[in-house]
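Next comes start.txt, with compact mmCIF, C-alpha atoms.
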```
# COMPACT_ATOMS: atom_id res chain seq x y z
CA MET A 1 -87.58 31.50 40.48
CA LEU A 2 -85.59 29.55 43.06
CA ASN A 3 -82.09 30.86 43.81
CA VAL A 4 -79.67 27.99 44.36
CA ALA A 5 -76.05 27.28 45.18
CA VAL A 6 -74.41 24.41 43.30
CA ILE A 7 -71.99 22.57 45.58
CA GLY A 8 -69.21 20.75 43.73
CA LEU A 9 -67.97 21.75 40.28
CA GLY A 10 -66.70 18.47 38.92
CA TRP A 11 -67.89 17.06 35.59
CA TRP A 12 -71.53 16.81 36.60
CA GLY A 13 -71.67 19.98 38.69
CA ARG A 14 -70.49 22.08 35.75
CA ILE A 15 -73.12 20.46 33.53
CA ILE A 16 -75.80 21.33 36.11
CA VAL A 17 -74.75 24.99 36.28
CA ASP A 18 -74.90 25.42 32.52
CA LEU A 19 -78.13 23.45 32.25
CA LEU A 20 -79.88 25.64 34.81
CA SER A 21 -78.97 28.73 32.77
CA GLN A 22 -81.28 27.34 30.06
CA GLY A 23 -84.30 26.93 32.33
CA GLN A 24 -86.83 29.35 33.79
CA LYS A 25 -87.36 28.06 37.33
CA LEU A 26 -83.92 28.11 39.01
CA LYS A 27 -81.07 30.59 39.07
CA VAL A 28 -77.53 29.74 40.19
CA VAL A 29 -76.38 32.59 42.45
CA HIS A 30 -73.50 30.86 44.23
CA VAL A 31 -71.14 27.96 43.50
CA VAL A 32 -68.78 26.07 45.80
CA ASP A 33 -65.68 24.05 44.97
CA VAL A 34 -62.26 23.37 46.44
CA SER A 35 -60.29 23.60 43.19
CA GLU A 36 -58.84 26.40 41.10
CA VAL A 37 -60.63 24.89 38.11
CA GLY A 38 -63.91 25.53 39.93
CA ARG A 39 -62.89 29.09 40.74
CA ALA A 40 -62.05 29.76 37.08
CA PHE A 41 -65.37 28.25 35.98
CA ALA A 42 -67.28 30.53 38.35
CA LEU A 43 -65.33 33.60 37.26
CA GLU A 44 -66.00 32.83 33.61
CA ARG A 45 -69.73 32.70 34.28
CA GLY A 46 -69.86 35.62 36.68
CA ILE A 47 -71.20 33.60 39.62
CA ARG A 48 -70.24 34.15 43.26
CA PHE A 49 -67.65 31.55 44.31
CA SER A 50 -66.62 30.14 47.67
CA THR A 51 -64.77 27.11 48.95
CA SER A 52 -67.18 25.87 51.61
CA LEU A 53 -70.81 24.83 51.90
CA GLU A 54 -71.05 26.87 55.12
CA GLU A 55 -70.31 30.10 53.28
CA ALA A 56 -73.01 29.36 50.71
CA LEU A 57 -75.49 28.61 53.51
CA ARG A 58 -74.74 32.01 55.05
CA ASP A 59 -75.62 33.69 51.74
CA ASP A 60 -79.11 35.18 52.24
CA SER A 61 -79.76 35.11 48.50
CA VAL A 62 -79.49 31.29 48.46
CA GLN A 63 -82.84 29.52 48.92
CA GLY A 64 -81.68 25.99 48.11
CA VAL A 65 -78.61 23.94 47.29
CA VAL A 66 -77.79 21.38 44.62
CA LEU A 67 -75.29 18.86 45.97
CA CYS A 68 -72.91 17.45 43.33
CA THR A 69 -70.40 16.19 45.86
CA PRO A 70 -68.81 12.82 46.80
CA HIS A 71 -71.38 10.29 47.96
CA THR A 72 -70.20 9.92 51.55
CA GLN A 73 -70.57 13.66 52.15
CA HIS A 74 -74.25 13.82 51.24
CA THR A 75 -75.86 13.04 54.58
CA GLU A 76 -73.94 15.61 56.62
CA GLN A 77 -74.41 18.21 53.89
CA ILE A 78 -78.16 17.57 53.84
CA LEU A 79 -78.27 17.95 57.62
CA SER A 80 -76.34 21.24 57.49
CA THR A 81 -78.50 22.58 54.69
CA ALA A 82 -81.73 21.65 56.46
CA ARG A 83 -80.55 23.31 59.67
CA ALA A 84 -79.94 26.47 57.64
CA GLY A 85 -83.52 26.33 56.37
CA LYS A 86 -82.53 25.80 52.73
CA HIS A 87 -84.12 23.36 50.29
CA VAL A 88 -82.01 20.38 49.12
CA PHE A 89 -81.50 18.73 45.75
CA CYS A 90 -78.97 15.92 46.19
CA GLU A 91 -77.32 13.95 43.43
CA LYS A 92 -77.59 10.20 43.79
CA PRO A 93 -77.14 8.35 46.01
CA LEU A 94 -79.04 10.32 48.62
CA SER A 95 -77.08 8.48 51.33
CA MET A 96 -74.96 5.33 51.56
CA THR A 97 -76.88 3.61 54.37
CA ARG A 98 -80.47 3.24 55.53
CA ALA A 99 -79.62 4.80 58.88
CA ASP A 100 -78.20 7.87 57.17
CA VAL A 101 -81.09 8.36 54.75
CA LEU A 102 -83.55 8.16 57.65
CA LYS A 103 -81.51 10.79 59.48
CA ALA A 104 -81.44 13.03 56.40
CA ILE A 105 -85.18 12.78 55.78
CA GLU A 106 -85.96 13.43 59.44
CA ALA A 107 -83.86 16.61 59.23
CA VAL A 108 -85.56 18.02 56.14
CA ASP A 109 -88.99 17.16 57.51
CA LYS A 110 -88.20 18.90 60.80
CA ALA A 111 -86.96 21.97 58.91
CA GLY A 112 -89.95 21.96 56.55
CA VAL A 113 -87.78 22.16 53.43
CA ALA A 114 -88.06 20.31 50.13
CA LEU A 115 -85.88 17.31 49.31
CA ALA A 116 -85.19 15.97 45.82
CA VAL A 117 -82.73 13.45 44.40
CA GLY A 118 -80.91 13.23 41.07
CA HIS A 119 -82.74 10.28 39.54
CA GLU A 120 -83.48 11.97 36.23
CA LYS A 121 -84.50 8.75 34.50
CA ARG A 122 -87.86 9.02 36.27
CA PHE A 123 -88.44 12.19 34.24
CA GLU A 124 -87.78 10.63 30.83
CA PRO A 125 -91.02 10.52 28.77
CA PRO A 126 -90.81 6.80 27.87
CA ILE A 127 -90.17 5.82 31.50
CA GLN A 128 -93.18 7.89 32.53
CA GLU A 129 -95.23 6.12 29.83
CA ILE A 130 -94.24 2.71 31.23
CA MET A 131 -95.21 3.84 34.73
CA ARG A 132 -98.55 5.02 33.34
CA LEU A 133 -99.16 1.63 31.71
CA LEU A 134 -98.38 -0.07 35.02
CA LYS A 135 -100.63 2.24 37.02
CA GLU A 136 -103.53 1.74 34.63
CA GLY A 137 -103.07 -2.05 34.67
CA ALA A 138 -102.31 -2.40 30.96
CA LEU A 139 -99.28 -4.61 31.70
CA GLY A 140 -101.13 -6.62 34.32
CA THR A 141 -99.23 -7.73 37.41
CA PRO A 142 -95.57 -6.66 37.16
CA LEU A 143 -93.39 -9.76 37.24
CA GLN A 144 -89.85 -8.76 36.40
CA VAL A 145 -87.62 -5.82 35.55
CA GLU A 146 -84.56 -6.22 33.34
CA ALA A 147 -82.27 -3.22 33.05
CA ASN A 148 -78.80 -2.19 31.92
CA PHE A 149 -76.92 1.12 32.12
CA SER A 150 -73.39 0.98 30.75
CA GLN A 151 -70.87 3.66 29.85
CA ASP A 152 -67.12 4.12 29.44
CA LYS A 153 -66.75 7.76 30.55
CA PHE A 154 -64.91 6.78 33.71
CA LEU A 155 -62.02 5.30 31.73
CA ALA A 156 -60.82 8.87 31.18
CA LEU A 157 -60.75 9.70 34.91
CA ALA A 158 -57.53 9.93 36.90
CA LYS A 159 -56.86 6.88 39.06
CA ASP A 160 -57.27 8.93 42.23
CA ASN A 161 -60.68 10.35 41.23
CA TRP A 162 -63.16 9.94 44.07
CA ARG A 163 -65.69 8.26 41.78
CA LEU A 164 -63.35 5.26 41.48
CA SER A 165 -62.57 4.82 45.17
CA GLY A 166 -63.70 1.94 47.31
CA LYS A 167 -64.96 4.41 49.90
CA GLU A 168 -67.26 6.30 47.52
CA SER A 169 -68.16 3.39 45.21
CA PRO A 170 -67.98 0.18 47.25
CA ALA A 171 -69.73 -1.86 44.55
CA GLY A 172 -67.97 -0.52 41.46
CA PRO A 173 -70.54 0.66 38.87
CA MET A 174 -73.48 0.58 41.29
CA THR A 175 -73.33 4.18 42.50
CA ALA A 176 -72.43 5.44 39.03
CA THR A 177 -75.20 3.91 36.94
CA GLY A 178 -76.79 0.89 38.59
CA ILE A 179 -78.52 2.97 41.25
CA HIS A 180 -80.68 4.65 38.59
CA LEU A 181 -82.03 1.25 37.57
CA LEU A 182 -82.53 0.19 41.18
CA ASP A 183 -84.54 3.38 41.71
CA LEU A 184 -86.79 2.57 38.75
CA ALA A 185 -87.27 -0.99 40.00
CA VAL A 186 -88.31 0.40 43.39
CA GLY A 187 -90.75 2.62 41.48
CA VAL A 188 -92.28 -0.52 39.98
CA PHE A 189 -92.24 -2.93 42.93
CA GLY A 190 -91.72 -0.91 46.11
CA GLU A 191 -89.50 -2.12 48.95
CA ALA A 192 -86.85 -4.73 48.19
CA GLU A 193 -86.50 -7.90 50.26
CA THR A 194 -83.18 -9.51 49.26
CA VAL A 195 -80.26 -8.83 46.93
CA HIS A 196 -77.49 -10.94 45.41
CA ALA A 197 -74.77 -8.94 43.68
CA SER A 198 -71.44 -9.61 42.02
CA VAL A 199 -68.79 -7.08 40.96
CA LYS A 200 -65.81 -7.97 38.75
CA GLN A 201 -62.87 -6.20 37.14
CA LEU A 202 -62.90 -7.71 33.67
CA GLY A 203 -62.13 -5.21 30.93
CA SER A 204 -60.46 -2.09 32.29
CA PRO A 205 -57.90 -0.71 34.77
CA LEU A 206 -60.75 0.19 37.15
CA THR A 207 -59.58 -1.74 40.21
CA ASN A 208 -62.82 -1.12 42.10
CA GLY A 209 -64.69 -3.16 39.50
CA ASP A 210 -66.08 -2.43 36.05
CA THR A 211 -68.91 -4.96 35.75
CA LEU A 212 -71.85 -5.46 38.12
CA ALA A 213 -74.78 -7.87 38.06
CA ALA A 214 -77.47 -7.86 40.73
CA LEU A 215 -80.64 -9.85 41.39
CA VAL A 216 -83.13 -8.02 43.61
CA THR A 217 -86.32 -9.52 45.02
CA PHE A 218 -89.19 -7.44 46.38
CA LYS A 219 -91.63 -7.75 49.28
CA ARG A 220 -94.63 -7.46 46.94
CA GLY A 221 -93.15 -10.13 44.65
CA GLY A 222 -91.18 -9.77 41.45
CA HIS A 223 -87.52 -9.59 40.54
CA ALA A 224 -85.14 -7.02 39.08
CA LEU A 225 -82.11 -8.09 37.05
CA ILE A 226 -79.70 -5.16 37.01
CA SER A 227 -76.53 -4.83 34.98
CA ALA A 228 -74.10 -1.90 35.17
CA ILE A 229 -70.78 -1.71 33.32
CA LEU A 230 -68.05 0.95 33.21
CA ALA A 231 -65.89 -0.58 30.47
CA THR A 232 -68.11 -0.61 27.38
CA PRO A 233 -69.59 2.12 25.14
CA PHE A 234 -72.93 3.55 26.23
CA ALA A 235 -75.98 1.32 26.40
CA GLY A 236 -79.20 1.96 28.27
CA ARG A 237 -82.21 -0.35 28.55
CA PHE A 238 -85.14 -0.66 30.95
CA ALA A 239 -87.83 -3.31 30.50
CA VAL A 240 -90.85 -4.35 32.55
CA TYR A 241 -92.55 -7.70 32.01
CA GLY A 242 -96.10 -8.14 33.28
CA SER A 243 -98.84 -10.75 33.20
CA GLN A 244 -100.63 -8.92 30.37
CA GLY A 245 -97.72 -7.48 28.39
CA TRP A 246 -94.29 -5.94 28.41
CA ALA A 247 -92.64 -2.60 27.67
CA GLU A 248 -89.02 -1.73 26.93
CA VAL A 249 -87.13 1.56 26.62
CA ARG A 250 -83.78 1.81 24.86
CA ASP A 251 -81.74 4.99 25.23
CA LYS A 252 -80.10 6.41 22.13
CA THR A 253 -77.40 8.34 24.02
CA HIS A 254 -76.14 9.12 27.51
CA PRO A 255 -78.49 11.43 29.50
CA GLU A 256 -75.76 14.08 29.48
CA ALA A 257 -76.77 14.88 25.88
CA PRO A 258 -80.08 13.09 25.17
CA GLU A 259 -81.10 12.25 21.60
CA GLY A 260 -84.30 10.42 22.44
CA TRP A 261 -85.46 6.88 23.06
CA THR A 262 -87.14 3.91 21.42
CA LEU A 263 -90.18 2.59 23.30
CA THR A 264 -91.47 -0.88 22.42
CA THR A 265 -94.65 -2.36 23.89
CA CYS A 266 -96.44 -5.64 23.43
CA LEU A 267 -99.81 -6.22 25.07
CA ARG A 268 -101.66 -9.52 25.06
CA GLY A 269 -103.75 -9.91 21.92
CA GLN A 270 -102.10 -6.93 20.19
CA ARG A 271 -99.24 -6.54 17.78
CA LEU A 272 -95.86 -5.33 18.98
CA LYS A 273 -95.49 -1.55 18.66
CA SER A 274 -92.27 0.42 18.54
CA VAL A 275 -92.04 4.22 18.50
CA ASP A 276 -89.22 6.74 18.58
CA ILE A 277 -89.57 9.40 21.26
CA PRO A 278 -87.79 12.73 20.77
CA PRO A 279 -85.24 13.99 23.30
CA ALA A 280 -86.37 15.74 26.46
CA PRO A 281 -84.23 17.47 29.13
CA ALA A 282 -84.90 14.97 31.92
CA VAL A 283 -82.12 16.33 34.18
CA LEU A 284 -83.56 19.85 33.93
CA LEU A 285 -87.12 18.58 34.39
CA ASN A 286 -86.08 16.91 37.65
CA LEU A 287 -84.44 20.10 38.91
CA GLU A 288 -87.49 22.14 37.95
CA ALA A 289 -89.74 19.68 39.82
CA PHE A 290 -87.51 20.38 42.84
CA ALA A 291 -88.05 24.12 42.35
CA ASP A 292 -91.81 23.66 42.13
CA ALA A 293 -91.79 21.70 45.40
CA ALA A 294 -89.54 24.22 47.14
CA LEU A 295 -91.78 27.10 46.09
CA GLY A 296 -94.91 25.26 47.25
CA ARG A 297 -96.45 24.78 43.82
CA VAL A 298 -96.74 20.96 43.71
CA PRO A 299 -95.17 18.14 45.76
CA TYR A 300 -91.98 16.54 44.47
CA PRO A 301 -93.13 13.43 42.55
CA VAL A 302 -90.74 10.87 44.07
CA PRO A 303 -92.21 9.65 47.40
CA ARG A 304 -89.97 9.75 50.46
CA GLU A 305 -90.64 6.06 51.15
CA GLN A 306 -89.16 5.20 47.75
CA MET A 307 -86.08 7.31 48.48
CA ILE A 308 -85.63 5.27 51.67
CA ALA A 309 -86.31 1.96 49.91
CA ASN A 310 -83.72 2.71 47.22
CA VAL A 311 -80.93 3.47 49.70
CA SER A 312 -81.90 0.48 51.86
CA ALA A 313 -81.50 -1.84 48.85
CA LEU A 314 -78.30 -0.06 47.82
CA GLU A 315 -76.73 -0.74 51.21
CA ALA A 316 -77.65 -4.43 50.90
CA ILE A 317 -76.02 -4.54 47.44
CA PHE A 318 -72.82 -3.14 48.99
CA ARG A 319 -72.88 -5.96 51.55
CA SER A 320 -73.65 -8.62 48.96
CA ALA A 321 -70.88 -7.48 46.63
CA GLN A 322 -68.45 -7.92 49.53
CA SER A 323 -69.84 -11.16 50.97
CA GLY A 324 -70.72 -12.87 47.70
CA GLY A 325 -73.97 -14.06 49.23
CA ILE A 326 -77.63 -13.16 49.42
CA GLU A 327 -78.27 -10.23 51.76
CA ARG A 328 -81.57 -9.16 53.28
CA VAL A 329 -82.67 -5.56 52.91
CA GLU A 330 -83.33 -3.72 56.16
CA GLY A 331 -86.66 -2.09 56.79
```
Show this structure as structure tokens.
Amino acid sequence: MLNVAVIGLGWWGRIIVDLLSQGQKLKVVHVVDVSEVGRAFALERGIRFSTSLEEALRDDSVQGVVLCTPHTQHTEQILSTARAGKHVFCEKPLSMTRADVLKAIEAVDKAGVALAVGHEKRFEPPIQEIMRLLKEGALGTPLQVEANFSQDKFLALAKDNWRLSGKESPAGPMTATGIHLLDLAVGVFGEAETVHASVKQLGSPLTNGDTLAALVTFKRGGHALISAILATPFAGRFAVYGSQGWAEVRDKTHPEAPEGWTLTTCLRGQRLKSVDIPPAPAVLLNLEAFADAALGRVPYPVPREQMIANVSALEAIFRSAQSGGIERVEG
């Protein structure tokens, strides 16, 4: 059992706390928030509460932290946590720039602590099946990824919510949902080479943009076409097209409350197959993989180089959304 402190008790942080109470590998022993709502939440659940990360890091019972905080705070919080010798699970994005993610990874490596990131889609059974098909060569050479992750949950947020700010979300939906798809594309192709992104405000009051489209090219070849929208009811789709076949996953519901997926595959010379896959707690599975890594059982399954590649491409998308042009990815 890994004792953790959850830092940040907004919408997602509260979900994480309650989710971990259902698992067997992590125990929340401390929570941190700056609001009275967070204090009341902690009191209701009988968990030690404080208002600063530093206080949680001084708690000897805490072995690791789960960061559910604004994006621009992640790097410094990872550095502080690593210096305290605690393991780190950080919600996405890990950092906002390549320079910062390199700094964060250097710190955790120097401290010898585990690092994990909140890309739960990698732990969904149909996504893992697609990655298996790719690894075994059943789809042939991967040619293109097409993916969409849309939701309208943010329409209920207050206008001053940090998730809607230009500072925390400089490319509108990208840090909310698009980054999950970029992460999966990096899992397929590796390091990105160029990006061309566009963000528009088309169907909502979200002044930072509610609709994103991005074309990403990769050093090994291949493209990813990524769509992320914050002004339409939930839709989730991830498809890989290869020289010998294709595979597509469609989500039935938002990962907050999964109801399963539909996986469709079509291999050359075979008939199209479509199967329903029952729900699985991908968010919890990711957190438990973090616990396993922290406790020295098995390595965390997302390679560090892919963490770096994802943030490097993310930074280029930020630049492209601002410039309107094609931007090269550093690295």
Provide the atom CA of A:Trp162 to atom CA of A:Ala192 distance in Å, to one decimal place.
->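 According to the coordinates, atom CA of A:Trp162 and atom CA of A:Ala192 are separated by 28.2 Å.
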Could you give me, as a ChimeraX atom specification, the residues within 9 Å of stretch 283-287 of chain A, counting only C-alpha atoms and dropping anything in the same chain fewer than 6 positions from it?
-> /A:16,19-20,22-23,25-26,66,89,116-124,255-256
Let me see the file: selected residues, C-alpha atoms, as a short mmCIF file (atom, residue, chain, number, x, y, z; two decimals), in the frame of the given file.
```
data_model
loop_
_atom_site.label_atom_id
_atom_site.label_comp_id
_atom_site.auth_asym_id
_atom_site.auth_seq_id
_atom_site.Cartn_x
_atom_site.Cartn_y
_atom_site.Cartn_z
CA ILE A 16 -75.80 21.33 36.11
CA LEU A 19 -78.13 23.45 32.25
CA LEU A 20 -79.88 25.64 34.81
CA GLN A 22 -81.28 27.34 30.06
CA GLY A 23 -84.30 26.93 32.33
CA LYS A 25 -87.36 28.06 37.33
CA LEU A 26 -83.92 28.11 39.01
CA VAL A 66 -77.79 21.38 44.62
CA PHE A 89 -81.50 18.73 45.75
CA ALA A 116 -85.19 15.97 45.82
CA VAL A 117 -82.73 13.45 44.40
CA GLY A 118 -80.91 13.23 41.07
CA HIS A 119 -82.74 10.28 39.54
CA GLU A 120 -83.48 11.97 36.23
CA LYS A 121 -84.50 8.75 34.50
CA ARG A 122 -87.86 9.02 36.27
CA PHE A 123 -88.44 12.19 34.24
CA GLU A 124 -87.78 10.63 30.83
CA PRO A 255 -78.49 11.43 29.50
CA GLU A 256 -75.76 14.08 29.48
#
```
Non-local contacts of A:Ala147 (12 Å; all atoms listed in the file; under 6 positions in same chain excluded) as a VMD selection string | chain A and resid 177 to 185 212 to 216 223 to 229 235 to 241 247 to 251
Could you please determine the separation between atom CA of A:Thr69 and atom CA of A:Trp11 in Å, to one decimal place?
->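 Interatomic distance here is 10.6 Å.
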Between atom CA of A:Val4 and atom CA of A:Val29, measure the distance and give it in Å to one decimal.
->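 Going from atom CA of A:Val4 over to atom CA of A:Val29 covers 6.0 Å.
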Please provide the set of residues having any atom within 7 Å of A:Ala171, restricted to all atoms listed in the file, with same-chain residues fewer than 3 positions apart removed, written as a PyMOL selection string.
-> chain A and resi 174+199+318+321
What lies within 6 Å of A:Ser320 using all atoms listed in the file, ignoring chain neighbours under 6 positions off, as a list of chain:residue names?
-> A:His196, A:Ala197, A:Glu327
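In this comparison, which uses all atoms listed in the file, the residue of A:Pro126, A:Glu330, A:Thr81, A:Glu91 approaching A:Ala107 most closely is A:Thr81.
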Identify which of the residues A:Asp100, A:Ala82, A:Leu155, A:Gln144 lies closest to A:Pro205, counting only C-alpha atoms when measuring atom-to-atom distances.
->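 Ranked by minimum distance to A:Pro205, first place goes to A:Leu155.
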Would you mind listing what lies within 10 Å of A:Thr141 as a list in words, with all atoms listed in the file counted and same-chain residues fewer than 3 positions away left out?
-> Leu134, Gly137, Ala138, Gln144, Gly221, Gly222, Tyr241, Gly242, Ser243, Gln244 and Gly245 of chain A
Take the residues from that selection and put them in a file with C-alpha atoms, as a PDB file, in the frame of the given file.
```pdb
ATOM      1  CA  LEU A 134     -98.380  -0.070  35.020  1.00  0.00           C
ATOM      2  CA  GLY A 137    -103.070  -2.050  34.670  1.00  0.00           C
ATOM      3  CA  ALA A 138    -102.310  -2.400  30.960  1.00  0.00           C
ATOM      4  CA  GLN A 144     -89.850  -8.760  36.400  1.00  0.00           C
ATOM      5  CA  GLY A 221     -93.150 -10.130  44.650  1.00  0.00           C
ATOM      6  CA  GLY A 222     -91.180  -9.770  41.450  1.00  0.00           C
ATOM      7  CA  TYR A 241     -92.550  -7.700  32.010  1.00  0.00           C
ATOM      8  CA  GLY A 242     -96.100  -8.140  33.280  1.00  0.00           C
ATOM      9  CA  SER A 243     -98.840 -10.750  33.200  1.00  0.00           C
ATOM     10  CA  GLN A 244    -100.630  -8.920  30.370  1.00  0.00           C
ATOM     11  CA  GLY A 245     -97.720  -7.480  28.390  1.00  0.00           C
TER      12      GLY A 245
END
```
Edge lengths and centre in Å to one decimal, as lines of an AutoDock Vina configuration file, of the axis-aligned box that encloses all listed atoms of stretch 64-76 of chain A with 8 Å added on every side?
```
center_x = -75.2
center_y = 18.0
center_z = 50.0
size_x = 28.9
size_y = 32.1
size_z = 29.3
```
Of the residues A:Thr175, A:Ser80, A:Ser35, A:Asn3, which is the one nearest to A:Asp60, using only C-alpha atoms?
->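 Using only C-alpha atoms, A:Asp60 sits closest to A:Asn3.
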So, counting all atoms listed in the file, which residue among A:Ala176, A:Val311, A:Ala294, A:Leu79 is closest to A:Glu106?
->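 Closest to A:Glu106, using all atoms listed in the file: A:Leu79.
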What are the closest atom pairs, with distances in Å to one decimal, for all residues of stretch 82-127 of chain A lying within 8 Å of stretch 298-306 of chain A? Consider only C-alpha atoms, order rows by chain and residue number, and present the result as a Markdown table.
```
| residue | atom | partner | partner_atom | distance |
| --- | --- | --- | --- | --- |
| A:Ile105 | CA | A:Arg304 | CA | 7.8 |
| A:Ala114 | CA | A:Tyr300 | CA | 7.8 |
| A:Leu115 | CA | A:Tyr300 | CA | 7.8 |
| A:Ala116 | CA | A:Tyr300 | CA | 6.9 |
```
Have a look at A:Val65, A:Gly260, A:Phe290, A:Gly166 and name the one nearest to A:Gly85; count only C-alpha atoms.
-> A:Val65
Could you rebuild stretch 207-225 of chain A with N, CA, C and O atoms and give it back as a PDB file, in the frame of the given file?
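Result written to part.pdb:
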```
ATOM      1  N   THR A 207     -59.817  -0.708  39.211  1.00  0.00           N
ATOM      2  CA  THR A 207     -59.580  -1.740  40.210  1.00  0.00           C
ATOM      3  C   THR A 207     -60.743  -1.939  41.171  1.00  0.00           C
ATOM      4  O   THR A 207     -60.823  -2.963  41.858  1.00  0.00           O
ATOM      5  N   ASN A 208     -61.649  -0.984  41.232  1.00  0.00           N
ATOM      6  CA  ASN A 208     -62.820  -1.120  42.100  1.00  0.00           C
ATOM      7  C   ASN A 208     -63.937  -1.918  41.446  1.00  0.00           C
ATOM      8  O   ASN A 208     -64.993  -2.105  42.029  1.00  0.00           O
ATOM      9  N   GLY A 209     -63.690  -2.361  40.206  1.00  0.00           N
ATOM     10  CA  GLY A 209     -64.690  -3.160  39.500  1.00  0.00           C
ATOM     11  C   GLY A 209     -65.311  -2.403  38.359  1.00  0.00           C
ATOM     12  O   GLY A 209     -65.619  -1.213  38.474  1.00  0.00           O
ATOM     13  N   ASP A 210     -65.482  -3.076  37.218  1.00  0.00           N
ATOM     14  CA  ASP A 210     -66.080  -2.430  36.050  1.00  0.00           C
ATOM     15  C   ASP A 210     -67.359  -3.093  35.577  1.00  0.00           C
ATOM     16  O   ASP A 210     -68.014  -2.611  34.657  1.00  0.00           O
ATOM     17  N   THR A 211     -67.743  -4.197  36.211  1.00  0.00           N
ATOM     18  CA  THR A 211     -68.910  -4.960  35.750  1.00  0.00           C
ATOM     19  C   THR A 211     -69.707  -5.434  36.962  1.00  0.00           C
ATOM     20  O   THR A 211     -69.155  -6.106  37.840  1.00  0.00           O
ATOM     21  N   LEU A 212     -70.987  -5.071  37.007  1.00  0.00           N
ATOM     22  CA  LEU A 212     -71.850  -5.460  38.120  1.00  0.00           C
ATOM     23  C   LEU A 212     -73.103  -6.156  37.604  1.00  0.00           C
ATOM     24  O   LEU A 212     -73.695  -5.738  36.599  1.00  0.00           O
ATOM     25  N   ALA A 213     -73.486  -7.218  38.300  1.00  0.00           N
ATOM     26  CA  ALA A 213     -74.780  -7.870  38.060  1.00  0.00           C
ATOM     27  C   ALA A 213     -75.456  -8.041  39.411  1.00  0.00           C
ATOM     28  O   ALA A 213     -74.802  -8.419  40.396  1.00  0.00           O
ATOM     29  N   ALA A 214     -76.750  -7.747  39.469  1.00  0.00           N
ATOM     30  CA  ALA A 214     -77.470  -7.860  40.730  1.00  0.00           C
ATOM     31  C   ALA A 214     -78.865  -8.428  40.489  1.00  0.00           C
ATOM     32  O   ALA A 214     -79.548  -8.050  39.525  1.00  0.00           O
ATOM     33  N   LEU A 215     -79.270  -9.337  41.357  1.00  0.00           N
ATOM     34  CA  LEU A 215     -80.640  -9.850  41.390  1.00  0.00           C
ATOM     35  C   LEU A 215     -81.290  -9.312  42.653  1.00  0.00           C
ATOM     36  O   LEU A 215     -80.779  -9.512  43.761  1.00  0.00           O
ATOM     37  N   VAL A 216     -82.414  -8.610  42.481  1.00  0.00           N
ATOM     38  CA  VAL A 216     -83.130  -8.020  43.610  1.00  0.00           C
ATOM     39  C   VAL A 216     -84.529  -8.617  43.659  1.00  0.00           C
ATOM     40  O   VAL A 216     -85.213  -8.692  42.630  1.00  0.00           O
ATOM     41  N   THR A 217     -84.943  -9.073  44.838  1.00  0.00           N
ATOM     42  CA  THR A 217     -86.320  -9.520  45.020  1.00  0.00           C
ATOM     43  C   THR A 217     -87.062  -8.490  45.870  1.00  0.00           C
ATOM     44  O   THR A 217     -86.446  -7.735  46.625  1.00  0.00           O
ATOM     45  N   PHE A 218     -88.386  -8.488  45.753  1.00  0.00           N
ATOM     46  CA  PHE A 218     -89.190  -7.440  46.380  1.00  0.00           C
ATOM     47  C   PHE A 218     -90.274  -8.037  47.279  1.00  0.00           C
ATOM     48  O   PHE A 218     -90.760  -9.147  47.046  1.00  0.00           O
ATOM     49  N   LYS A 219     -90.656  -7.274  48.300  1.00  0.00           N
ATOM     50  CA  LYS A 219     -91.630  -7.750  49.280  1.00  0.00           C
ATOM     51  C   LYS A 219     -92.983  -8.037  48.645  1.00  0.00           C
ATOM     52  O   LYS A 219     -93.702  -8.948  49.072  1.00  0.00           O
ATOM     53  N   ARG A 220     -93.347  -7.255  47.621  1.00  0.00           N
ATOM     54  CA  ARG A 220     -94.630  -7.460  46.940  1.00  0.00           C
ATOM     55  C   ARG A 220     -94.549  -8.553  45.888  1.00  0.00           C
ATOM     56  O   ARG A 220     -95.530  -8.850  45.220  1.00  0.00           O
ATOM     57  N   GLY A 221     -93.372  -9.153  45.719  1.00  0.00           N
ATOM     58  CA  GLY A 221     -93.150 -10.130  44.650  1.00  0.00           C
ATOM     59  C   GLY A 221     -92.420  -9.472  43.502  1.00  0.00           C
ATOM     60  O   GLY A 221     -92.313  -8.248  43.414  1.00  0.00           O
ATOM     61  N   GLY A 222     -91.890 -10.290  42.607  1.00  0.00           N
ATOM     62  CA  GLY A 222     -91.180  -9.770  41.450  1.00  0.00           C
ATOM     63  C   GLY A 222     -89.679  -9.726  41.662  1.00  0.00           C
ATOM     64  O   GLY A 222     -89.176  -9.792  42.792  1.00  0.00           O
ATOM     65  N   HIS A 223     -88.973  -9.654  40.534  1.00  0.00           N
ATOM     66  CA  HIS A 223     -87.520  -9.590  40.540  1.00  0.00           C
ATOM     67  C   HIS A 223     -87.062  -8.402  39.699  1.00  0.00           C
ATOM     68  O   HIS A 223     -87.760  -7.969  38.792  1.00  0.00           O
ATOM     69  N   ALA A 224     -85.837  -7.946  39.977  1.00  0.00           N
ATOM     70  CA  ALA A 224     -85.140  -7.020  39.080  1.00  0.00           C
ATOM     71  C   ALA A 224     -83.764  -7.596  38.784  1.00  0.00           C
ATOM     72  O   ALA A 224     -83.039  -7.991  39.705  1.00  0.00           O
ATOM     73  N   LEU A 225     -83.430  -7.667  37.507  1.00  0.00           N
ATOM     74  CA  LEU A 225     -82.110  -8.090  37.050  1.00  0.00           C
ATOM     75  C   LEU A 225     -81.397  -6.849  36.555  1.00  0.00           C
ATOM     76  O   LEU A 225     -81.785  -6.264  35.543  1.00  0.00           O
TER      77      LEU A 225
END
```
